[in-house]
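Peer 1: First, the structure itself, so that you have it in front of you.
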Amino acid sequence: MYDLLLKNAWVVDPLNSVNGIADVAVLDGKIAKVQREIQDHAKEIIDFTGMVLQPGIIDSHVHLGIMWGSPFGPRMLAMNGVTTCLDMAGPLEDILDNVPTYGVGINIAILQFASPPFTFKNSAPTQQEMTDLIDKSLADGALGVKLLGGHYPLDPEVSAQLIRTALERKAYVAWHAGTTKNGSNINGMIEAVKMADGYPMHLAHINAYCRGAIHDSMEETRIAIDLLKANPNICCESYISPKNGTRLTCNPDGSVQSKVTGNCLRAFGFTEDADGIRKALLAGKAFAVYDAGGYSDLATGEQALKLWEEAGSDVGGSFNINPPLPRIALAQAKRDDGSFVVDAISTDGGCIPRNVILSQGLSLVKLDILSLSEFAQKTSLNPARMLRLENKGHLSINADADITVYNLETQTPVASFIGGRKVLFNGELVSKGATVICTEHGKNAIEARGMKAIVVDPGKQIKRIPAS
Ligand SMILES: [Zn+2]
């Protein structure tokens, strides 16, 4: 007697080369059987005829901290079929404190930001300040740290030292490339790869370095792909939305705080200051993120200017800054062994309103840029490997019953299950809380908050799998 039997969906499981109509049985939160027709009894049987069923979607780059938009990140992810996510900035305390109120049952890994002017006083923290921040973050339940170099850069040597320190302490390390020397562009990416020095590092949103800031955007894309092929220690994702995520905060002297916002303003022909932001908002080129009640949304024009002024400029923002062809080339590129150069498709969404893995990602399948199996690999199997989650990303017997069901025709989610438990069902979110993916150092802190912890070891080697 199974707990759950999901019948008649088109099942895609790249690790086990499953790609066809099948039934999936779940027992005690684990996958019990996958085959063409399962006749055994189950407590609950759900028919998914005409739908696609794949291992739960893992978004390897999201934001859940309120400072990036709203407290509704978990909700916005789950409504889009995501079952597990990697938060790429924190703040850690803010996200964990919000789980009892805003958690919807999805699995969350959190990277604390290691960035001035937030968690460091300035762009040159001492060795002791680095060690303290990393150790405290891990002990509080973070999976590791994120360098927001593109927005709030550290000195190059300091960035390298921080990465070394984090790796020594077995923290997961991610970097939005950029230092005080090189910006968030292809040169910043080259610098970041060099500073990783052969050690494992997650380089954030590769598409962000291929926007044509230094060379033609497709030339930058070619450079990025060659660089990743030559440096397999770098794991990475890229996203498919035209919109980026940044902050529109200005300093008291009117200068713009985030370097990325400066780049965007320059690219659209505005000055890199408060006046430039004002004009970009009014021209419909800059967008402000706001809490729309239950989710966050983007505003532009007069409405956005009002939001931005009322918040004293301190709001999340967005620009349509990503050209289309690099996004497609990065999604498709493969290594000689058939594995993907850019491991995963992410969104950089969460509480930033662009959770488009299904709504835009499935267009890549329809355009024949990715097969359905490759799509499942880039949205579940590969990001599971990045997070060292051995029991997720596939539907092997005894794997976690994390499942996303979607309608390929409409590119919309239909249902999701985590550990065999319903999360998204009939258009509603029916779970609460969160399971936190952390290191052994943070298990106690997470459990003390009444949450479940999944302990992983970010020091472990990642094994890439050729696409099936
Ligand atoms: Zn991000």
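A note on labels: chains of the structure tokens are A, B, ... as shown, every chain counts residues from 1, and ligands are counted from 1 in their shown order.
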Using only C-alpha atoms, determine which residues lie at most 12 Å from range 27-42 of chain A, disregarding the query and same-chain residues fewer than 2 positions distant; provide the list as a PyMOL selection string.
Peer 2: chain A and resi 1-13+16-25+44-46+53-55+391-403+417-422
Peer 1: What do you get as JSON, numbers by chain if you pick all residues at most 7 Å from ligand 1, counting only C-alpha atoms and all ligand atoms?
Peer 2: {"A": [61, 62, 63, 88, 245, 348]}
Peer 1: Using only C-alpha atoms, which of A:Arg222, A:Asn382, A:Gln411, A:Leu227 sits nearest Lys194 in chain A?
Peer 2: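 Distance minimum relative to Lys194 in chain A lands on A:Leu227.
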Peer 1: Using only C-alpha atoms, which residues of range 84-141 of chain A come within 12 Å of range 202-217 of chain A, and what is the closest atom pair for each, with the distance in Å to one decimal? Give it as a Markdown table, sorted by chain and residue number.
Peer 2:
| residue | atom | partner | partner_atom | distance |
| --- | --- | --- | --- | --- |
| A:Leu86 | CA | A:Ala204 | CA | 11.2 |
| A:Asp87 | CA | A:Ala204 | CA | 11.4 |
| A:Met88 | CA | A:Ala204 | CA | 8.6 |
| A:Ala89 | CA | A:Ala204 | CA | 11.2 |
| A:Leu111 | CA | A:His202 | CA | 11.2 |
Peer 1: Those residues with N, CA, C and O atoms, as an mmCIF file, in the first residue's frame please?
Peer 2:
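Below is the file again-v6.cif, written as the result:
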data_model
loop_
_atom_site.group_PDB
_atom_site.id
_atom_site.type_symbol
_atom_site.label_atom_id
_atom_site.label_comp_id
_atom_site.auth_asym_id
_atom_site.auth_seq_id
_atom_site.Cartn_x
_atom_site.Cartn_y
_atom_site.Cartn_z
ATOM 1 N N LEU A 86 18.186 28.046 -3.638
ATOM 2 C CA LEU A 86 19.405 28.563 -3.015
ATOM 3 C C LEU A 86 19.296 30.078 -2.961
ATOM 4 O O LEU A 86 19.299 30.748 -4.000
ATOM 5 N N ASP A 87 19.174 30.606 -1.742
ATOM 6 C CA ASP A 87 19.131 32.058 -1.564
ATOM 7 C C ASP A 87 20.553 32.592 -1.690
ATOM 8 O O ASP A 87 21.469 32.092 -1.053
ATOM 9 N N MET A 88 20.707 33.659 -2.484
ATOM 10 C CA MET A 88 22.042 34.153 -2.816
ATOM 11 C C MET A 88 22.365 35.493 -2.188
ATOM 12 O O MET A 88 23.033 36.305 -2.827
ATOM 13 N N ALA A 89 21.944 35.761 -0.972
ATOM 14 C CA ALA A 89 22.374 36.992 -0.309
ATOM 15 C C ALA A 89 21.906 37.118 1.143
ATOM 16 O O ALA A 89 22.416 37.936 1.870
ATOM 17 N N LEU A 111 22.768 31.581 1.579
ATOM 18 C CA LEU A 111 24.132 32.107 1.633
ATOM 19 C C LEU A 111 24.073 33.502 2.244
ATOM 20 O O LEU A 111 23.323 34.357 1.766
#
Peer 1: Neighbours of Cys85 in chain A within 8 Å (only C-alpha atoms; same-chain residues fewer than 5 positions away dropped), as a count of residues only?
Peer 2: 9
Peer 1: Taking 3 positions as the minimum chain separation for residues in the same chain, which residues sit within 8 Å of Gly350 in chain A when counting only C-alpha atoms? Answer as a ChimeraX atom specification.
Peer 2: /A:62-64,72-74,76-77,347,353-355
Peer 1: Hey, can you spit out that residue selection with all heavy atoms as a compact mmCIF listing (two decimals), in the first residue's frame?
Peer 2:
# COMPACT_ATOMS: atom_id res chain seq x y z
N VAL A 62 18.16 32.56 -6.03
CA VAL A 62 16.96 33.33 -5.68
C VAL A 62 17.27 34.31 -4.56
O VAL A 62 18.35 34.28 -3.96
CB VAL A 62 15.78 32.42 -5.22
CG1 VAL A 62 15.56 31.29 -6.21
CG2 VAL A 62 16.00 31.87 -3.82
N HIS A 63 16.31 35.18 -4.26
CA HIS A 63 16.43 36.10 -3.12
C HIS A 63 15.17 36.01 -2.27
O HIS A 63 14.07 36.10 -2.77
CB HIS A 63 16.68 37.52 -3.62
CG HIS A 63 18.02 37.63 -4.28
ND1 HIS A 63 19.18 37.71 -3.56
CD2 HIS A 63 18.38 37.58 -5.58
CE1 HIS A 63 20.21 37.73 -4.40
NE2 HIS A 63 19.75 37.65 -5.63
N LEU A 64 15.38 35.82 -0.97
CA LEU A 64 14.26 35.70 -0.04
C LEU A 64 14.26 36.81 1.00
O LEU A 64 13.27 37.00 1.70
CB LEU A 64 14.33 34.33 0.67
CG LEU A 64 14.29 33.10 -0.24
CD1 LEU A 64 14.51 31.83 0.59
CD2 LEU A 64 12.99 33.00 -0.98
N PHE A 72 7.60 37.63 0.54
CA PHE A 72 6.82 36.59 -0.14
C PHE A 72 7.63 35.71 -1.09
O PHE A 72 7.06 35.00 -1.91
CB PHE A 72 5.65 37.23 -0.89
CG PHE A 72 4.76 38.06 0.01
CD1 PHE A 72 4.64 39.42 -0.18
CD2 PHE A 72 4.09 37.46 1.06
CE1 PHE A 72 3.83 40.19 0.66
CE2 PHE A 72 3.28 38.22 1.91
CZ PHE A 72 3.16 39.59 1.71
N GLY A 73 8.98 35.76 -0.98
CA GLY A 73 9.81 34.95 -1.87
C GLY A 73 9.44 33.47 -1.87
O GLY A 73 9.22 32.88 -2.94
N PRO A 74 9.36 32.80 -0.69
CA PRO A 74 9.02 31.38 -0.69
C PRO A 74 7.69 31.11 -1.39
O PRO A 74 7.55 30.16 -2.17
CB PRO A 74 8.93 31.03 0.81
CG PRO A 74 9.81 32.03 1.48
CD PRO A 74 9.66 33.30 0.66
N MET A 76 6.21 32.96 -3.73
CA MET A 76 6.31 33.21 -5.18
C MET A 76 7.04 32.06 -5.88
O MET A 76 6.71 31.71 -7.01
CB MET A 76 7.01 34.56 -5.42
CG MET A 76 6.16 35.74 -4.93
SD MET A 76 7.10 37.28 -4.79
CE MET A 76 7.39 37.67 -6.51
N LEU A 77 8.03 31.49 -5.20
CA LEU A 77 8.74 30.33 -5.78
C LEU A 77 7.82 29.13 -5.87
O LEU A 77 7.72 28.48 -6.91
CB LEU A 77 9.97 29.99 -4.92
CG LEU A 77 11.13 30.97 -5.05
CD1 LEU A 77 12.05 30.89 -3.85
CD2 LEU A 77 11.90 30.69 -6.34
N THR A 347 16.73 31.70 -11.79
CA THR A 347 15.91 32.89 -12.12
C THR A 347 16.45 34.18 -11.53
O THR A 347 16.16 35.25 -12.04
CB THR A 347 14.46 32.75 -11.62
OG1 THR A 347 14.48 32.69 -10.19
CG2 THR A 347 13.78 31.53 -12.21
N PRO A 353 10.27 39.75 -8.71
CA PRO A 353 9.23 39.09 -9.51
C PRO A 353 9.68 38.66 -10.90
O PRO A 353 9.39 39.31 -11.89
CB PRO A 353 8.14 40.16 -9.58
CG PRO A 353 8.83 41.44 -9.35
CD PRO A 353 10.01 41.17 -8.49
N ARG A 354 10.38 37.55 -10.96
CA ARG A 354 10.73 36.95 -12.27
C ARG A 354 11.04 35.48 -12.06
O ARG A 354 12.11 35.00 -12.40
CB ARG A 354 11.90 37.69 -12.91
CG ARG A 354 13.02 37.87 -11.96
CD ARG A 354 14.09 38.73 -12.57
NE ARG A 354 14.95 39.12 -11.45
CZ ARG A 354 16.24 39.16 -11.51
NH1 ARG A 354 16.86 38.88 -12.60
NH2 ARG A 354 16.94 39.50 -10.46
N ASN A 355 10.06 34.77 -11.50
CA ASN A 355 10.21 33.33 -11.26
C ASN A 355 9.73 32.59 -12.50
O ASN A 355 8.67 32.00 -12.54
CB ASN A 355 9.43 32.95 -10.01
CG ASN A 355 10.02 33.63 -8.79
OD1 ASN A 355 11.10 33.27 -8.35
ND2 ASN A 355 9.33 34.63 -8.26
Peer 1: For Glu220 in chain A, which of A:Lys285, A:Arg327, A:Lys170, A:Arg247 is the closest residue, counting only C-alpha atoms?
Peer 2: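 Among the listed residues, A:Arg327 lies closest to Glu220 in chain A.
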Peer 1: Mind checking which residues fall within 8 Å of range 384-388 of chain A, counting only C-alpha atoms, ignoring those fewer than 5 positions away in the same chain, and posting them as a PyMOL selection string?
Peer 2: chain A and resi 58+235+393+456-458+460+462-464
Peer 1: Would you save the residues of that selection, restricted to all heavy atoms, as an mmCIF file, in the first residue's frame?
Peer 2:
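To be explicit, this is the file written out as selection-v9.cif:
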data_model
loop_
_atom_site.group_PDB
_atom_site.id
_atom_site.type_symbol
_atom_site.label_atom_id
_atom_site.label_comp_id
_atom_site.auth_asym_id
_atom_site.auth_seq_id
_atom_site.Cartn_x
_atom_site.Cartn_y
_atom_site.Cartn_z
ATOM 1 N N ILE A 58 14.605 22.912 -8.807
ATOM 2 C CA ILE A 58 15.546 23.542 -7.862
ATOM 3 C C ILE A 58 16.057 24.825 -8.501
ATOM 4 O O ILE A 58 16.735 24.787 -9.527
ATOM 5 C CB ILE A 58 16.710 22.583 -7.534
ATOM 6 C CG1 ILE A 58 16.153 21.292 -6.913
ATOM 7 C CG2 ILE A 58 17.721 23.275 -6.611
ATOM 8 C CD1 ILE A 58 17.216 20.227 -6.648
ATOM 9 N N CYS A 235 31.195 26.055 -10.761
ATOM 10 C CA CYS A 235 29.829 25.671 -11.105
ATOM 11 C C CYS A 235 29.029 26.967 -11.229
ATOM 12 O O CYS A 235 29.390 27.991 -10.650
ATOM 13 C CB CYS A 235 29.231 24.714 -10.080
ATOM 14 S SG CYS A 235 28.876 25.429 -8.490
ATOM 15 N N GLY A 393 16.775 15.638 -7.208
ATOM 16 C CA GLY A 393 17.144 15.853 -8.610
ATOM 17 C C GLY A 393 16.919 14.642 -9.493
ATOM 18 O O GLY A 393 17.208 14.673 -10.681
ATOM 19 N N VAL A 456 24.495 19.002 4.375
ATOM 20 C CA VAL A 456 25.321 18.646 3.216
ATOM 21 C C VAL A 456 26.751 19.140 3.447
ATOM 22 O O VAL A 456 26.994 19.953 4.338
ATOM 23 C CB VAL A 456 24.775 19.253 1.897
ATOM 24 C CG1 VAL A 456 23.401 18.696 1.578
ATOM 25 C CG2 VAL A 456 24.743 20.773 1.953
ATOM 26 N N ASP A 457 27.674 18.626 2.637
ATOM 27 C CA ASP A 457 29.070 19.015 2.759
ATOM 28 C C ASP A 457 29.515 19.746 1.496
ATOM 29 O O ASP A 457 29.812 19.123 0.476
ATOM 30 C CB ASP A 457 29.927 17.764 2.978
ATOM 31 C CG ASP A 457 31.409 18.096 3.024
ATOM 32 O OD1 ASP A 457 31.759 19.296 3.019
ATOM 33 O OD2 ASP A 457 32.223 17.147 3.062
ATOM 34 N N PRO A 458 29.542 21.109 1.540
ATOM 35 C CA PRO A 458 29.914 21.867 0.346
ATOM 36 C C PRO A 458 31.364 21.626 -0.081
ATOM 37 O O PRO A 458 31.759 22.054 -1.173
ATOM 38 C CB PRO A 458 29.727 23.327 0.764
ATOM 39 C CG PRO A 458 28.913 23.295 2.005
ATOM 40 C CD PRO A 458 29.219 21.996 2.675
ATOM 41 N N LYS A 460 32.572 18.757 -0.715
ATOM 42 C CA LYS A 460 32.568 17.577 -1.574
ATOM 43 C C LYS A 460 32.682 17.941 -3.054
ATOM 44 O O LYS A 460 32.118 18.931 -3.488
ATOM 45 C CB LYS A 460 31.238 16.832 -1.378
ATOM 46 C CG LYS A 460 31.401 15.455 -0.784
ATOM 47 C CD LYS A 460 30.062 14.790 -0.806
ATOM 48 C CE LYS A 460 30.140 13.381 -0.284
ATOM 49 N NZ LYS A 460 28.820 12.882 0.038
ATOM 50 N N ILE A 462 31.917 17.993 -6.990
ATOM 51 C CA ILE A 462 30.699 17.845 -7.808
ATOM 52 C C ILE A 462 31.024 16.980 -9.016
ATOM 53 O O ILE A 462 32.006 17.224 -9.707
ATOM 54 C CB ILE A 462 30.203 19.216 -8.320
ATOM 55 C CG1 ILE A 462 29.817 20.119 -7.153
ATOM 56 C CG2 ILE A 462 29.030 19.046 -9.268
ATOM 57 C CD1 ILE A 462 29.369 21.503 -7.575
ATOM 58 N N LYS A 463 30.208 15.969 -9.261
ATOM 59 C CA LYS A 463 30.391 15.139 -10.474
ATOM 60 C C LYS A 463 29.385 15.553 -11.529
ATOM 61 O O LYS A 463 28.190 15.456 -11.328
ATOM 62 C CB LYS A 463 30.173 13.664 -10.119
ATOM 63 C CG LYS A 463 31.460 12.883 -10.025
ATOM 64 C CD LYS A 463 31.248 11.469 -10.602
ATOM 65 C CE LYS A 463 31.923 10.402 -9.800
ATOM 66 N NZ LYS A 463 31.038 9.475 -9.147
ATOM 67 N N ARG A 464 29.896 16.044 -12.674
ATOM 68 C CA ARG A 464 28.985 16.453 -13.763
ATOM 69 C C ARG A 464 28.527 15.243 -14.562
ATOM 70 O O ARG A 464 29.282 14.296 -14.741
ATOM 71 C CB ARG A 464 29.685 17.413 -14.713
ATOM 72 C CG ARG A 464 29.792 18.795 -14.158
ATOM 73 C CD ARG A 464 30.038 19.828 -15.239
ATOM 74 N NE ARG A 464 29.989 21.143 -14.628
ATOM 75 C CZ ARG A 464 31.008 21.685 -13.983
ATOM 76 N NH1 ARG A 464 32.145 21.045 -13.875
ATOM 77 N NH2 ARG A 464 30.889 22.879 -13.443
#
Peer 1: Would you work out the distance separating CA of Glu168 in chain A from CA of Pro153 in chain A, expressed in Å to one decimal?
Peer 2: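 One can read the CA of Glu168 in chain A to CA of Pro153 in chain A distance as 21.8 Å.
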Peer 1: How would you write, as an MDAnalysis selection string, the set of residues in range 36-239 of chain A that DSSP gives as strand (DSSP E)?
Peer 2: chainID A and resid 42:47 52:55 57:63 82:87 104:113 144:147 172:175 201:203 234:239
Peer 1: Output the selection as a tab-separated table (two decimals), in the first residue's frame - N, CA and C atoms for each residue.
Peer 2:
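The file below, result.tsv, is the result:
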chain	number	residue	atom	x	y	z
A	42	ALA	N	-3.04	2.43	-3.21
A	42	ALA	CA	-2.42	3.61	-2.60
A	42	ALA	C	-3.49	4.36	-1.83
A	43	LYS	N	-3.04	5.07	-0.78
A	43	LYS	CA	-3.99	5.86	0.03
A	43	LYS	C	-4.60	6.98	-0.82
A	44	GLU	N	-3.80	7.52	-1.73
A	44	GLU	CA	-4.32	8.58	-2.59
A	44	GLU	C	-3.80	8.38	-4.02
A	45	ILE	N	-4.67	8.49	-4.98
A	45	ILE	CA	-4.28	8.35	-6.39
A	45	ILE	C	-4.65	9.65	-7.10
A	46	ILE	N	-3.66	10.23	-7.82
A	46	ILE	CA	-3.93	11.47	-8.56
A	46	ILE	C	-3.59	11.23	-10.03
A	47	ASP	N	-4.49	11.58	-10.89
A	47	ASP	CA	-4.28	11.39	-12.32
A	47	ASP	C	-3.71	12.66	-12.95
A	52	VAL	N	3.39	16.97	-17.56
A	52	VAL	CA	4.77	16.50	-17.44
A	52	VAL	C	5.13	16.44	-15.96
A	53	LEU	N	5.80	15.36	-15.56
A	53	LEU	CA	6.22	15.19	-14.16
A	53	LEU	C	7.74	15.04	-14.15
A	54	GLN	N	8.42	15.86	-13.37
A	54	GLN	CA	9.89	15.76	-13.28
A	54	GLN	C	10.32	15.88	-11.82
A	55	PRO	N	11.58	15.53	-11.52
A	55	PRO	CA	12.08	15.76	-10.15
A	55	PRO	C	11.88	17.24	-9.80
A	57	ILE	N	11.65	21.06	-9.07
A	57	ILE	CA	12.49	22.14	-9.62
A	57	ILE	C	13.32	22.79	-8.51
A	58	ILE	N	14.60	22.91	-8.81
A	58	ILE	CA	15.55	23.54	-7.86
A	58	ILE	C	16.06	24.83	-8.50
A	59	ASP	N	15.71	25.96	-7.92
A	59	ASP	CA	16.18	27.24	-8.44
A	59	ASP	C	17.46	27.61	-7.68
A	60	SER	N	18.58	27.59	-8.41
A	60	SER	CA	19.89	27.75	-7.77
A	60	SER	C	20.33	29.21	-7.61
A	61	HIS	N	19.42	30.14	-7.81
A	61	HIS	CA	19.75	31.55	-7.54
A	61	HIS	C	18.46	32.32	-7.29
A	62	VAL	N	18.16	32.56	-6.03
A	62	VAL	CA	16.96	33.33	-5.68
A	62	VAL	C	17.27	34.31	-4.56
A	63	HIS	N	16.31	35.18	-4.26
A	63	HIS	CA	16.43	36.10	-3.12
A	63	HIS	C	15.17	36.01	-2.27
A	82	VAL	N	8.60	25.60	-7.82
A	82	VAL	CA	9.93	25.36	-7.25
A	82	VAL	C	9.78	24.61	-5.91
A	83	THR	N	10.61	23.58	-5.69
A	83	THR	CA	10.54	22.82	-4.44
A	83	THR	C	11.77	23.07	-3.55
A	84	THR	N	12.87	23.50	-4.16
A	84	THR	CA	14.11	23.76	-3.41
A	84	THR	C	14.78	24.98	-4.03
A	85	CYS	N	15.37	25.82	-3.16
A	85	CYS	CA	16.04	27.00	-3.72
A	85	CYS	C	17.31	27.33	-2.95
A	86	LEU	N	18.19	28.05	-3.64
A	86	LEU	CA	19.40	28.56	-3.01
A	86	LEU	C	19.30	30.08	-2.96
A	87	ASP	N	19.17	30.61	-1.74
A	87	ASP	CA	19.13	32.06	-1.56
A	87	ASP	C	20.55	32.59	-1.69
A	104	VAL	N	6.33	28.19	3.16
A	104	VAL	CA	5.27	27.44	2.47
A	104	VAL	C	5.68	25.99	2.25
A	105	GLY	N	6.71	25.56	3.01
A	105	GLY	CA	7.08	24.15	2.97
A	105	GLY	C	8.22	23.80	2.05
A	106	ILE	N	8.78	24.79	1.30
A	106	ILE	CA	9.86	24.44	0.37
A	106	ILE	C	11.20	24.36	1.11
A	107	ASN	N	12.16	23.68	0.47
A	107	ASN	CA	13.52	23.53	1.01
A	107	ASN	C	14.34	24.77	0.65
A	108	ILE	N	15.06	25.27	1.64
A	108	ILE	CA	15.79	26.52	1.45
A	108	ILE	C	17.24	26.36	1.89
A	109	ALA	N	18.17	26.75	1.02
A	109	ALA	CA	19.58	26.90	1.42
A	109	ALA	C	19.89	28.38	1.35
A	110	ILE	N	20.65	28.88	2.32
A	110	ILE	CA	20.88	30.33	2.39
A	110	ILE	C	22.37	30.65	2.43
A	111	LEU	N	22.77	31.58	1.58
A	111	LEU	CA	24.13	32.11	1.63
A	111	LEU	C	24.07	33.50	2.24
A	112	GLN	N	24.86	33.70	3.29
A	112	GLN	CA	24.90	35.03	3.91
A	112	GLN	C	25.78	35.94	3.05
A	113	PHE	N	25.36	37.19	2.85
A	113	PHE	CA	26.20	38.09	2.05
A	113	PHE	C	27.40	38.59	2.84
A	144	GLY	N	26.64	28.84	3.37
A	144	GLY	CA	27.92	29.47	3.04
A	144	GLY	C	27.77	30.96	2.90
A	145	VAL	N	28.63	31.53	2.07
A	145	VAL	CA	28.63	32.99	1.90
A	145	VAL	C	28.58	33.37	0.43
A	146	LYS	N	28.09	34.58	0.19
A	146	LYS	CA	28.02	35.12	-1.16
A	146	LYS	C	28.75	36.45	-1.20
A	147	LEU	N	29.60	36.62	-2.20
A	147	LEU	CA	30.25	37.91	-2.43
A	147	LEU	C	29.40	38.67	-3.44
A	172	TYR	N	29.95	26.88	1.49
A	172	TYR	CA	29.63	27.04	0.07
A	172	TYR	C	29.97	28.48	-0.28
A	173	VAL	N	30.66	28.68	-1.41
A	173	VAL	CA	31.05	30.04	-1.78
A	173	VAL	C	30.48	30.40	-3.13
A	174	ALA	N	29.76	31.50	-3.18
A	174	ALA	CA	29.25	32.00	-4.46
A	174	ALA	C	29.69	33.45	-4.61
A	175	TRP	N	29.90	33.83	-5.85
A	175	TRP	CA	30.41	35.18	-6.13
A	175	TRP	C	29.64	35.79	-7.29
A	201	MET	N	33.88	26.83	-6.76
A	201	MET	CA	33.18	28.09	-6.47
A	201	MET	C	31.96	28.18	-7.38
A	202	HIS	N	30.89	28.76	-6.87
A	202	HIS	CA	29.67	29.01	-7.64
A	202	HIS	C	29.76	30.44	-8.16
A	203	LEU	N	29.84	30.57	-9.47
A	203	LEU	CA	29.84	31.90	-10.08
A	203	LEU	C	28.40	32.23	-10.50
A	234	ILE	N	34.52	25.63	-11.55
A	234	ILE	CA	33.49	26.65	-11.39
A	234	ILE	C	32.13	26.04	-11.72
A	235	CYS	N	31.19	26.06	-10.76
A	235	CYS	CA	29.83	25.67	-11.11
A	235	CYS	C	29.03	26.97	-11.23
A	236	CYS	N	27.99	26.94	-12.03
A	236	CYS	CA	27.32	28.20	-12.31
A	236	CYS	C	25.92	28.00	-12.84
A	237	GLU	N	25.20	29.09	-12.91
A	237	GLU	CA	23.86	29.11	-13.48
A	237	GLU	C	23.74	30.38	-14.32
A	238	SER	N	22.73	30.40	-15.19
A	238	SER	CA	22.37	31.65	-15.84
A	238	SER	C	20.85	31.69	-15.90
A	239	TYR	N	20.30	32.88	-15.99
A	239	TYR	CA	18.85	32.98	-16.00
A	239	TYR	C	18.34	33.45	-17.35
Peer 1: Contacts of range 117-132 of chain A at 7 Å or less, counting only C-alpha atoms, minus same-chain residues fewer than 4 places along, as a list in words?
Peer 2: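 Near neighbours after the sequence-gap exclusion: Phe113, Lys136, Pro153, Leu154, Asp155, Val158, Leu162 and Thr165 of chain A.
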Peer 1: For a test of reading the model, state the distance in Å between CA of Gln161 in chain A and CA of Ala224 in chain A, rounded to one decimal.
Peer 2: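 CA of Ala224 in chain A lies at a distance of 23.5 Å from CA of Gln161 in chain A.
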Peer 1: Using Å and a single decimal, report how far CA of Ala333 in chain A sits from CA of Arg164 in chain A.
Peer 2: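 Going from CA of Arg164 in chain A over to CA of Ala333 in chain A, I get 29.1 Å.
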Peer 1: Of the candidates A:Gly149, A:Gly178, A:Gly276, A:Pro232, which one gets nearest to Asp197 in chain A if we count only C-alpha atoms?
Peer 2: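 Closest candidate: A:Pro232.
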Peer 1: Using only C-alpha atoms, which residue out of A:Trp68, A:Arg75, A:Pro116, A:Ser371 lies closest to Ala288 in chain A?
Peer 2: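 Counting only C-alpha atoms, the residue closest to Ala288 in chain A is A:Trp68.
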